Amino acid sequence: MAKSPSATEKQPGFFSQLRSLFRFTREIYPWLPWAQIALLVVGVLVGLIVGYLIPPFQIWSLVLWGITGLLLGVLGAMFLMTRLSTTAMYRKIDGMPGAAGHVISTSLGRNWQGSEVPVGVNPKTQDAVYRAIGRGGIVVVAEGSRGRLTRLVKDERTKAMRVAQGVPVNVFYVGHGEEDVSIDKLSKTIKKLP
């Protein structure tokens with residue numbers, strides 16, 4: 001009896017995911033391994049100092065506080081890597097078509113609903129318009145040149161106002177201009193809406 005192809009595929013394990021995340025982050029931040037080693041050493045040193053200062057001084061107390069410091073150092077190194085991997089991901093996808101859709105579908109949390117699939121596209125220029133719905137109203141996110149997106153944004157805004165009367169419709173343009181929102185600040189900007 002043949003197995004289905006989905007049953008035979010093995011998902012990557014925890015440590016292989018960590019390794020790939022580390023490699024991805026190290027491409028953007030080559031100093032990451034040194035910072036993680038420094039955090040481990042600082043954690044152990046802080047643990048040893050605390051173990052030495054807490055009376056009565058005993059070897060087992062020093063060892064236990066050293067291990068506690070090591071675990072705190074590992075926690076700090078993992079926290080640093082996850083924060084840097086998020087910014088590395090934003091740097092990598094910045095300027096790519098569909099980057100705004102990726103942010104909308106993955107980074108907004110459960111209070112917002114959005115799709116990676118655009119609601120309006122200009123096939124020649126790959127300019128796209130995305131929509132997210134949440135407690136702050138309806139958000140229309142335009143990705144591409146502001147001049148070419150005017151009609152697409154106007155159409156989407158009109159549709160949203162017709163369907164949900166009285167609900168605020170906010171429009172954000174993703175880019176690097178004065179009034180544009182950068183891709184790394186898009187999810188924060190949307191979440192700040194009342």
# chains A, B, ... in the order shown; residues from 1 in each chain; ligands from 1
>>> residues_around(residues="A:Lys191", least_positions_apart="6", cutoff="10 Å", atoms="only C-alpha atoms", output="NGL selection string")
:A and (107-109 or 111-112 or 134-136)
>>> select_by_dssp(residues="stretch 23-172 of chain A", states="strand (DSSP E or B)", output="PyMOL selection string")
chain A and resi 112-114+120-122+127-134+137-143+169-172
>>> residues_around(residues="A:Val44", least_positions_apart="5", cutoff="9 Å", atoms="only C-alpha atoms", output="ChimeraX atom specification")
/A:39,49,65-73
>>> residues_around(residues="A:Ile190", least_positions_apart="5", cutoff="12 Å", atoms="only C-alpha atoms", output="PyMOL selection string")
chain A and resi 100+103-104+107-109+111-114+131-141+169-174+181-185
>>> select_by_dssp(residues="stretch 52-175 of chain A", states="helix (DSSP H, G or I)", output="ChimeraX atom specification")
/A:52-53,59-93,99-106,146-163
>>> write_last_selection(atoms="C-alpha atoms", output="CSV table (one decimal), in the first residue's frame")
chain,number,residue,atom,x,y,z
A,52,TYR,CA,29.6,34.7,45.1
A,53,LEU,CA,27.8,37.6,46.7
A,59,ILE,CA,30.7,25.9,45.8
A,60,TRP,CA,27.4,24.3,45.0
A,61,SER,CA,25.8,27.8,45.2
A,62,LEU,CA,28.4,29.1,42.8
A,63,VAL,CA,27.8,26.2,40.4
A,64,LEU,CA,24.0,26.6,40.4
A,65,TRP,CA,24.1,30.4,39.9
A,66,GLY,CA,26.6,29.9,37.1
A,67,ILE,CA,24.2,27.5,35.4
A,68,THR,CA,21.3,29.9,35.9
A,69,GLY,CA,23.5,32.6,34.4
A,70,LEU,CA,24.3,30.4,31.4
A,71,LEU,CA,20.6,29.7,30.8
A,72,LEU,CA,19.8,33.4,31.0
A,73,GLY,CA,22.6,34.0,28.5
A,74,VAL,CA,21.1,31.4,26.2
A,75,LEU,CA,17.7,33.1,26.5
A,76,GLY,CA,19.3,36.5,25.7
A,77,ALA,CA,21.1,35.1,22.7
A,78,MET,CA,17.9,33.5,21.4
A,79,PHE,CA,16.0,36.8,22.0
A,80,LEU,CA,18.7,38.7,20.1
A,81,MET,CA,18.6,36.3,17.2
A,82,THR,CA,14.8,36.4,16.8
A,83,ARG,CA,14.7,40.2,16.9
A,84,LEU,CA,17.5,40.5,14.4
A,85,SER,CA,15.9,37.9,12.1
A,86,THR,CA,12.7,39.9,11.9
A,87,THR,CA,14.6,43.0,10.8
A,88,ALA,CA,16.7,40.9,8.4
A,89,MET,CA,13.5,39.5,6.9
A,90,TYR,CA,12.2,43.0,6.4
A,91,ARG,CA,15.4,44.1,4.8
A,92,LYS,CA,15.4,41.1,2.5
A,93,ILE,CA,11.8,41.6,1.2
A,99,ALA,CA,6.2,42.2,0.4
A,100,ALA,CA,3.2,44.2,1.8
A,101,GLY,CA,1.0,41.2,1.3
A,102,HIS,CA,3.4,39.0,3.3
A,103,VAL,CA,3.5,41.5,6.2
A,104,ILE,CA,-0.3,41.8,6.2
A,105,SER,CA,-0.9,38.1,6.2
A,106,THR,CA,1.8,37.2,8.9
A,146,ARG,CA,1.9,56.4,-5.9
A,147,GLY,CA,1.0,57.9,-9.3
A,148,ARG,CA,0.2,54.6,-10.9
A,149,LEU,CA,-1.8,53.4,-7.9
A,150,THR,CA,-4.2,56.3,-7.7
A,151,ARG,CA,-7.0,54.6,-9.7
A,152,LEU,CA,-6.6,51.2,-7.9
A,153,VAL,CA,-6.6,52.8,-4.5
A,154,LYS,CA,-9.6,54.9,-5.3
A,155,ASP,CA,-11.6,51.9,-6.6
A,156,GLU,CA,-10.8,49.8,-3.5
A,157,ARG,CA,-11.6,52.6,-1.2
A,158,THR,CA,-14.9,53.2,-2.9
A,159,LYS,CA,-15.8,49.4,-2.6
A,160,ALA,CA,-14.9,49.4,1.1
A,161,MET,CA,-17.0,52.5,1.8
A,162,ARG,CA,-19.9,51.1,-0.1
A,163,VAL,CA,-19.9,47.8,1.8
>>> atom_distance(atom1="atom CA of A:Gly175", atom2="atom CA of A:Ala142")
9.1 Å
>>> residues_around(residues="A:Gln126", least_positions_apart="4", cutoff="8 Å", atoms="only C-alpha atoms", output="PyMOL selection string")
chain A and resi 97+121-122+144
>>> write_last_selection(atoms="N, CA and C atoms", output="tab-separated table (two decimals), in the first residue's frame")
chain	number	residue	atom	x	y	z
A	97	PRO	N	7.99	42.66	-5.07
A	97	PRO	CA	6.54	42.63	-5.23
A	97	PRO	C	5.92	41.61	-4.27
A	121	VAL	N	-4.57	44.59	-8.84
A	121	VAL	CA	-3.21	44.48	-9.38
A	121	VAL	C	-3.16	45.16	-10.73
A	122	ASN	N	-2.05	45.83	-11.00
A	122	ASN	CA	-1.72	46.31	-12.33
A	122	ASN	C	-0.70	45.33	-12.89
A	144	GLY	N	3.79	50.08	-4.57
A	144	GLY	CA	4.23	50.47	-5.89
A	144	GLY	C	4.31	51.98	-5.99
>>> atom_distance(atom1="atom CA of A:Glu143", atom2="atom CA of A:Asp127")
5.8 Å
